[in-house]
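A.B. asks: One file is attached below, run-v9.pdb, containing PDB, N, CA and C atoms, pLDDT in the B column.
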```
ATOM      1  N   MET X 527       0.841  -1.176   0.000  1.00 55.00           N
ATOM      2  CA  MET X 527       0.000   0.000   0.000  1.00 55.00           C
ATOM      3  C   MET X 527       0.891   1.246   0.000  1.00 55.00           C
ATOM      4  N   PRO X 528       0.956   2.014  -1.090  1.00 66.00           N
ATOM      5  CA  PRO X 528       1.842   3.188  -1.160  1.00 66.00           C
ATOM      6  C   PRO X 528       1.305   4.338  -0.312  1.00 66.00           C
ATOM      7  N   TYR X 529       2.235   5.068   0.235  1.00 67.00           N
ATOM      8  CA  TYR X 529       1.880   6.226   1.042  1.00 67.00           C
ATOM      9  C   TYR X 529       1.909   7.469   0.159  1.00 67.00           C
ATOM     10  N   GLU X 530       1.041   8.378   0.466  1.00 71.00           N
ATOM     11  CA  GLU X 530       0.997   9.624  -0.279  1.00 71.00           C
ATOM     12  C   GLU X 530       1.702  10.696   0.547  1.00 71.00           C
ATOM     13  N   ILE X 531       2.704  11.312  -0.036  1.00 71.00           N
ATOM     14  CA  ILE X 531       3.477  12.342   0.653  1.00 71.00           C
ATOM     15  C   ILE X 531       3.071  13.697   0.088  1.00 71.00           C
ATOM     16  N   GLU X 532       2.690  14.584   0.982  1.00 68.00           N
ATOM     17  CA  GLU X 532       2.306  15.916   0.563  1.00 68.00           C
ATOM     18  C   GLU X 532       3.504  16.850   0.650  1.00 68.00           C
ATOM     19  N   ASP X 533       3.666  17.638  -0.360  1.00 67.00           N
ATOM     20  CA  ASP X 533       4.720  18.643  -0.367  1.00 67.00           C
ATOM     21  C   ASP X 533       4.057  19.991  -0.115  1.00 67.00           C
ATOM     22  N   GLU X 534       4.324  20.573   1.044  1.00 66.00           N
ATOM     23  CA  GLU X 534       3.663  21.818   1.428  1.00 66.00           C
ATOM     24  C   GLU X 534       4.022  22.962   0.485  1.00 66.00           C
ATOM     25  N   ARG X 535       5.237  22.939  -0.060  1.00 69.00           N
ATOM     26  CA  ARG X 535       5.631  24.009  -0.970  1.00 69.00           C
ATOM     27  C   ARG X 535       4.762  23.990  -2.225  1.00 69.00           C
ATOM     28  N   GLN X 536       4.524  22.837  -2.778  1.00 63.00           N
ATOM     29  CA  GLN X 536       3.702  22.749  -3.981  1.00 63.00           C
ATOM     30  C   GLN X 536       2.280  23.205  -3.699  1.00 63.00           C
ATOM     31  N   GLU X 537       1.745  22.797  -2.552  1.00 61.00           N
ATOM     32  CA  GLU X 537       0.392  23.221  -2.185  1.00 61.00           C
ATOM     33  C   GLU X 537       0.323  24.739  -2.043  1.00 61.00           C
ATOM     34  N   SER X 538       1.318  25.326  -1.406  1.00 60.00           N
ATOM     35  CA  SER X 538       1.346  26.764  -1.210  1.00 60.00           C
ATOM     36  C   SER X 538       1.441  27.492  -2.544  1.00 60.00           C
ATOM     37  N   GLU X 539       2.302  27.010  -3.434  1.00 60.00           N
ATOM     38  CA  GLU X 539       2.447  27.628  -4.744  1.00 60.00           C
ATOM     39  C   GLU X 539       1.154  27.513  -5.540  1.00 60.00           C
ATOM     40  N   LYS X 540       0.510  26.363  -5.448  1.00 60.00           N
ATOM     41  CA  LYS X 540      -0.746  26.160  -6.168  1.00 60.00           C
ATOM     42  C   LYS X 540      -1.798  27.147  -5.656  1.00 60.00           C
ATOM     43  N   CYS X 541      -1.874  27.323  -4.350  1.00 59.00           N
ATOM     44  CA  CYS X 541      -2.852  28.252  -3.778  1.00 59.00           C
ATOM     45  C   CYS X 541      -2.549  29.678  -4.205  1.00 59.00           C
ATOM     46  N   ASP X 542      -1.265  30.057  -4.199  1.00 54.00           N
ATOM     47  CA  ASP X 542      -0.892  31.408  -4.605  1.00 54.00           C
ATOM     48  C   ASP X 542      -1.267  31.672  -6.050  1.00 54.00           C
ATOM     49  N   LEU X 543      -1.047  30.698  -6.916  1.00 56.00           N
ATOM     50  CA  LEU X 543      -1.387  30.868  -8.318  1.00 56.00           C
ATOM     51  C   LEU X 543      -2.887  30.958  -8.515  1.00 56.00           C
ATOM     52  N   GLU X 544      -3.633  30.161  -7.780  1.00 57.00           N
ATOM     53  CA  GLU X 544      -5.081  30.178  -7.904  1.00 57.00           C
ATOM     54  C   GLU X 544      -5.660  31.499  -7.407  1.00 57.00           C
ATOM     55  N   ASP X 545      -5.061  32.048  -6.355  1.00 56.00           N
ATOM     56  CA  ASP X 545      -5.561  33.297  -5.783  1.00 56.00           C
ATOM     57  C   ASP X 545      -5.077  34.521  -6.554  1.00 56.00           C
ATOM     58  N   GLY X 546      -4.150  34.340  -7.488  1.00 58.00           N
ATOM     59  CA  GLY X 546      -3.595  35.469  -8.208  1.00 58.00           C
ATOM     60  C   GLY X 546      -2.591  36.241  -7.380  1.00 58.00           C
ATOM     61  N   HIS X 547      -2.131  35.656  -6.291  1.00 54.00           N
ATOM     62  CA  HIS X 547      -1.177  36.309  -5.396  1.00 54.00           C
ATOM     63  C   HIS X 547       0.243  36.112  -5.916  1.00 54.00           C
ATOM     64  N   ILE X 548       0.987  37.199  -5.993  1.00 54.00           N
ATOM     65  CA  ILE X 548       2.388  37.121  -6.394  1.00 54.00           C
ATOM     66  C   ILE X 548       3.214  37.656  -5.234  1.00 54.00           C
ATOM     67  N   ASP X 549       4.261  36.921  -4.863  1.00 56.00           N
ATOM     68  CA  ASP X 549       5.119  37.306  -3.752  1.00 56.00           C
ATOM     69  C   ASP X 549       5.915  38.552  -4.114  1.00 56.00           C
ATOM     70  N   ASP X 550       5.814  39.604  -3.300  1.00 57.00           N
ATOM     71  CA  ASP X 550       6.524  40.850  -3.562  1.00 57.00           C
ATOM     72  C   ASP X 550       8.024  40.726  -3.327  1.00 57.00           C
ATOM     73  N   ASN X 551       8.474  39.692  -2.651  1.00 57.00           N
ATOM     74  CA  ASN X 551       9.899  39.502  -2.395  1.00 57.00           C
ATOM     75  C   ASN X 551      10.645  39.019  -3.629  1.00 57.00           C
ATOM     76  N   SER X 552       9.961  38.776  -4.706  1.00 60.00           N
ATOM     77  CA  SER X 552      10.605  38.267  -5.912  1.00 60.00           C
ATOM     78  C   SER X 552      11.044  39.385  -6.850  1.00 60.00           C
ATOM     79  N   ASP X 553      11.143  40.601  -6.369  1.00 69.00           N
ATOM     80  CA  ASP X 553      11.553  41.733  -7.189  1.00 69.00           C
ATOM     81  C   ASP X 553      13.028  41.591  -7.550  1.00 69.00           C
ATOM     82  N   LEU X 554      13.294  41.247  -8.800  1.00 71.00           N
ATOM     83  CA  LEU X 554      14.663  40.993  -9.224  1.00 71.00           C
ATOM     84  C   LEU X 554      15.458  42.265  -9.460  1.00 71.00           C
ATOM     85  N   ASP X 555      14.800  43.381  -9.598  1.00 77.00           N
ATOM     86  CA  ASP X 555      15.491  44.637  -9.871  1.00 77.00           C
ATOM     87  C   ASP X 555      15.801  45.431  -8.606  1.00 77.00           C
ATOM     88  N   ALA X 556      15.623  44.851  -7.446  1.00 77.00           N
ATOM     89  CA  ALA X 556      15.786  45.598  -6.196  1.00 77.00           C
ATOM     90  C   ALA X 556      17.201  46.150  -6.029  1.00 77.00           C
ATOM     91  N   ASN X 557      18.219  45.380  -6.394  1.00 79.00           N
ATOM     92  CA  ASN X 557      19.611  45.808  -6.202  1.00 79.00           C
ATOM     93  C   ASN X 557      20.329  45.986  -7.532  1.00 79.00           C
ATOM     94  N   ILE X 558      19.611  46.364  -8.538  1.00 82.00           N
ATOM     95  CA  ILE X 558      20.189  46.460  -9.873  1.00 82.00           C
ATOM     96  C   ILE X 558      21.302  47.504  -9.943  1.00 82.00           C
ATOM     97  N   ASP X 559      21.227  48.554  -9.144  1.00 84.00           N
ATOM     98  CA  ASP X 559      22.232  49.612  -9.178  1.00 84.00           C
ATOM     99  C   ASP X 559      23.429  49.334  -8.281  1.00 84.00           C
ATOM    100  N   GLU X 560      23.365  48.294  -7.486  1.00 84.00           N
ATOM    101  CA  GLU X 560      24.452  47.955  -6.570  1.00 84.00           C
ATOM    102  C   GLU X 560      25.516  47.124  -7.290  1.00 84.00           C
ATOM    103  N   PRO X 561      26.798  47.427  -7.068  1.00 82.00           N
ATOM    104  CA  PRO X 561      27.850  46.603  -7.672  1.00 82.00           C
ATOM    105  C   PRO X 561      27.889  45.222  -7.017  1.00 82.00           C
ATOM    106  N   ILE X 562      28.294  44.230  -7.781  1.00 85.00           N
ATOM    107  CA  ILE X 562      28.389  42.883  -7.238  1.00 85.00           C
ATOM    108  C   ILE X 562      29.519  42.806  -6.224  1.00 85.00           C
ATOM    109  N   ALA X 563      30.629  43.495  -6.494  1.00 87.00           N
ATOM    110  CA  ALA X 563      31.770  43.513  -5.581  1.00 87.00           C
ATOM    111  C   ALA X 563      32.341  44.921  -5.558  1.00 87.00           C
ATOM    112  N   ASP X 564      32.901  45.306  -4.410  1.00 91.00           N
ATOM    113  CA  ASP X 564      33.501  46.633  -4.328  1.00 91.00           C
ATOM    114  C   ASP X 564      34.980  46.561  -4.737  1.00 91.00           C
ATOM    115  N   GLU X 565      35.614  47.710  -4.814  1.00 92.00           N
ATOM    116  CA  GLU X 565      37.003  47.798  -5.294  1.00 92.00           C
ATOM    117  C   GLU X 565      37.979  47.062  -4.390  1.00 92.00           C
ATOM    118  N   VAL X 566      37.768  47.110  -3.088  1.00 94.00           N
ATOM    119  CA  VAL X 566      38.664  46.428  -2.147  1.00 94.00           C
ATOM    120  C   VAL X 566      38.611  44.920  -2.379  1.00 94.00           C
ATOM    121  N   TRP X 567      37.419  44.383  -2.539  1.00 94.00           N
ATOM    122  CA  TRP X 567      37.288  42.946  -2.780  1.00 94.00           C
ATOM    123  C   TRP X 567      37.929  42.567  -4.114  1.00 94.00           C
ATOM    124  N   LEU X 568      37.700  43.379  -5.148  1.00 95.00           N
ATOM    125  CA  LEU X 568      38.279  43.091  -6.457  1.00 95.00           C
ATOM    126  C   LEU X 568      39.803  43.125  -6.419  1.00 95.00           C
ATOM    127  N   GLU X 569      40.354  44.071  -5.676  1.00 96.00           N
ATOM    128  CA  GLU X 569      41.815  44.157  -5.560  1.00 96.00           C
ATOM    129  C   GLU X 569      42.378  42.899  -4.898  1.00 96.00           C
ATOM    130  N   GLY X 570      41.751  42.461  -3.814  1.00 97.00           N
ATOM    131  CA  GLY X 570      42.180  41.232  -3.150  1.00 97.00           C
ATOM    132  C   GLY X 570      42.026  40.017  -4.047  1.00 97.00           C
ATOM    133  N   TYR X 571      40.945  39.990  -4.806  1.00 96.00           N
ATOM    134  CA  TYR X 571      40.711  38.875  -5.723  1.00 96.00           C
ATOM    135  C   TYR X 571      41.806  38.807  -6.779  1.00 96.00           C
ATOM    136  N   HIS X 572      42.130  39.945  -7.369  1.00 97.00           N
ATOM    137  CA  HIS X 572      43.170  39.962  -8.401  1.00 97.00           C
ATOM    138  C   HIS X 572      44.533  39.585  -7.817  1.00 97.00           C
ATOM    139  N   GLN X 573      44.796  40.018  -6.602  1.00 98.00           N
ATOM    140  CA  GLN X 573      46.063  39.665  -5.946  1.00 98.00           C
ATOM    141  C   GLN X 573      46.136  38.154  -5.707  1.00 98.00           C
ATOM    142  N   ARG X 574      45.051  37.555  -5.221  1.00 98.00           N
ATOM    143  CA  ARG X 574      45.035  36.106  -4.992  1.00 98.00           C
ATOM    144  C   ARG X 574      45.173  35.333  -6.292  1.00 98.00           C
ATOM    145  N   ARG X 575      44.536  35.831  -7.351  1.00 98.00           N
ATOM    146  CA  ARG X 575      44.652  35.178  -8.663  1.00 98.00           C
ATOM    147  C   ARG X 575      46.093  35.214  -9.168  1.00 98.00           C
ATOM    148  N   GLU X 576      46.747  36.358  -9.000  1.00 98.00           N
ATOM    149  CA  GLU X 576      48.135  36.497  -9.437  1.00 98.00           C
ATOM    150  C   GLU X 576      49.052  35.558  -8.646  1.00 98.00           C
ATOM    151  N   GLU X 577      48.857  35.502  -7.329  1.00 98.00           N
ATOM    152  CA  GLU X 577      49.648  34.587  -6.502  1.00 98.00           C
ATOM    153  C   GLU X 577      49.406  33.139  -6.916  1.00 98.00           C
ATOM    154  N   ASN X 578      48.164  32.793  -7.194  1.00 98.00           N
ATOM    155  CA  ASN X 578      47.832  31.437  -7.618  1.00 98.00           C
ATOM    156  C   ASN X 578      48.486  31.119  -8.960  1.00 98.00           C
ATOM    157  N   ASN X 579      48.450  32.066  -9.892  1.00 97.00           N
ATOM    158  CA  ASN X 579      49.074  31.849 -11.197  1.00 97.00           C
ATOM    159  C   ASN X 579      50.582  31.645 -11.074  1.00 97.00           C
ATOM    160  N   LYS X 580      51.232  32.425 -10.211  1.00 96.00           N
ATOM    161  CA  LYS X 580      52.674  32.263  -9.996  1.00 96.00           C
ATOM    162  C   LYS X 580      52.979  30.887  -9.406  1.00 96.00           C
ATOM    163  N   ARG X 581      52.197  30.480  -8.430  1.00 95.00           N
ATOM    164  CA  ARG X 581      52.391  29.180  -7.790  1.00 95.00           C
ATOM    165  C   ARG X 581      52.170  28.041  -8.791  1.00 95.00           C
ATOM    166  N   MET X 582      51.162  28.167  -9.627  1.00 95.00           N
ATOM    167  CA  MET X 582      50.908  27.146 -10.641  1.00 95.00           C
ATOM    168  C   MET X 582      52.055  27.065 -11.647  1.00 95.00           C
ATOM    169  N   ALA X 583      52.636  28.220 -11.996  1.00 94.00           N
ATOM    170  CA  ALA X 583      53.781  28.224 -12.911  1.00 94.00           C
ATOM    171  C   ALA X 583      54.976  27.518 -12.261  1.00 94.00           C
ATOM    172  N   GLU X 584      55.211  27.774 -10.959  1.00 90.00           N
ATOM    173  CA  GLU X 584      56.294  27.094 -10.240  1.00 90.00           C
ATOM    174  C   GLU X 584      56.064  25.584 -10.201  1.00 90.00           C
ATOM    175  N   LEU X 585      54.846  25.178  -9.919  1.00 90.00           N
ATOM    176  CA  LEU X 585      54.533  23.757  -9.867  1.00 90.00           C
ATOM    177  C   LEU X 585      54.659  23.107 -11.240  1.00 90.00           C
ATOM    178  N   ASP X 586      54.321  23.851 -12.276  1.00 91.00           N
ATOM    179  CA  ASP X 586      54.453  23.334 -13.636  1.00 91.00           C
ATOM    180  C   ASP X 586      55.921  23.067 -13.964  1.00 91.00           C
ATOM    181  N   ILE X 587      56.808  23.971 -13.541  1.00 89.00           N
ATOM    182  CA  ILE X 587      58.239  23.775 -13.751  1.00 89.00           C
ATOM    183  C   ILE X 587      58.716  22.533 -13.014  1.00 89.00           C
ATOM    184  N   CYS X 588      58.257  22.342 -11.792  1.00 86.00           N
ATOM    185  CA  CYS X 588      58.629  21.147 -11.017  1.00 86.00           C
ATOM    186  C   CYS X 588      58.088  19.893 -11.696  1.00 86.00           C
ATOM    187  N   TRP X 589      56.875  19.944 -12.147  1.00 86.00           N
ATOM    188  CA  TRP X 589      56.236  18.780 -12.759  1.00 86.00           C
ATOM    189  C   TRP X 589      56.926  18.386 -14.063  1.00 86.00           C
ATOM    190  N   ASN X 590      57.323  19.363 -14.847  1.00 87.00           N
ATOM    191  CA  ASN X 590      57.958  19.089 -16.130  1.00 87.00           C
ATOM    192  C   ASN X 590      59.389  18.579 -15.978  1.00 87.00           C
ATOM    193  N   GLY X 591      59.957  18.703 -14.804  1.00 81.00           N
ATOM    194  CA  GLY X 591      61.331  18.252 -14.586  1.00 81.00           C
ATOM    195  C   GLY X 591      62.353  19.300 -14.965  1.00 81.00           C
ATOM    196  N   SER X 592      61.928  20.520 -15.235  1.00 81.00           N
ATOM    197  CA  SER X 592      62.861  21.598 -15.588  1.00 81.00           C
ATOM    198  C   SER X 592      63.690  22.044 -14.397  1.00 81.00           C
ATOM    199  N   MET X 593      63.190  21.814 -13.204  1.00 75.00           N
ATOM    200  CA  MET X 593      63.881  22.211 -11.977  1.00 75.00           C
ATOM    201  C   MET X 593      64.260  20.920 -11.226  1.00 75.00           C
ATOM    202  N   PRO X 594      65.522  20.796 -10.819  1.00 75.00           N
ATOM    203  CA  PRO X 594      65.928  19.601 -10.088  1.00 75.00           C
ATOM    204  C   PRO X 594      65.199  19.486  -8.747  1.00 75.00           C
ATOM    205  N   VAL X 595      64.926  18.275  -8.337  1.00 71.00           N
ATOM    206  CA  VAL X 595      64.187  18.012  -7.103  1.00 71.00           C
ATOM    207  C   VAL X 595      64.908  18.600  -5.896  1.00 71.00           C
ATOM    208  N   THR X 596      66.219  18.622  -5.914  1.00 74.00           N
ATOM    209  CA  THR X 596      66.974  19.148  -4.761  1.00 74.00           C
ATOM    210  C   THR X 596      66.761  20.633  -4.537  1.00 74.00           C
ATOM    211  N   SER X 597      66.290  21.356  -5.549  1.00 72.00           N
ATOM    212  CA  SER X 597      66.073  22.796  -5.374  1.00 72.00           C
ATOM    213  C   SER X 597      64.659  23.149  -4.926  1.00 72.00           C
ATOM    214  N   TRP X 598      63.825  22.140  -4.734  1.00 67.00           N
ATOM    215  CA  TRP X 598      62.465  22.401  -4.281  1.00 67.00           C
ATOM    216  C   TRP X 598      62.551  22.891  -2.892  1.00 67.00           C
TER     217      TRP X 598
END
```
Translate the structure described by the file into structure tokens.

C.D. replies:
Amino acid sequence: MPYEIEDERQESEKCDLEDGHIDDNSDLDANIDEPIADEVWLEGYHQRREENNKRMAELDICWNGSMPVTSW
């Protein structure tokens, strides 16, 4: 005998659609004028990316065998 599981979210959405109710919290343009990240965050991000790129280049040299193991 299978059990019937009710999903409250689906019921709520169905009721909202039937009533013509639209949630006001779904305004996608609320923060349209706000930047995604500020300059300080972007500066730190670029610095971390540069450090990561340098480290990857060093590891690539080690991996390729261009640098002797004793100098690691």

A.B. asks: Atom N of Cys588 in chain X to CA of Arg574 in chain X: how many Å, to one decimal?

C.D. replies: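 That distance, rounded to one decimal, is 20.3 Å.
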
A.B. asks: Could you please determine the separation between CA of Ile558 in chain X and CA of Tyr571 in chain X in Å, to one decimal place?

C.D. replies: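 It comes out at 22.3 Å.
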
A.B. asks: Between CA of Glu576 in chain X and CA of Glu560 in chain X, what is the distance, to one decimal in Å?

C.D. replies: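 Spanning CA of Glu576 in chain X to CA of Glu560 in chain X is a straight-line distance of 26.5 Å.
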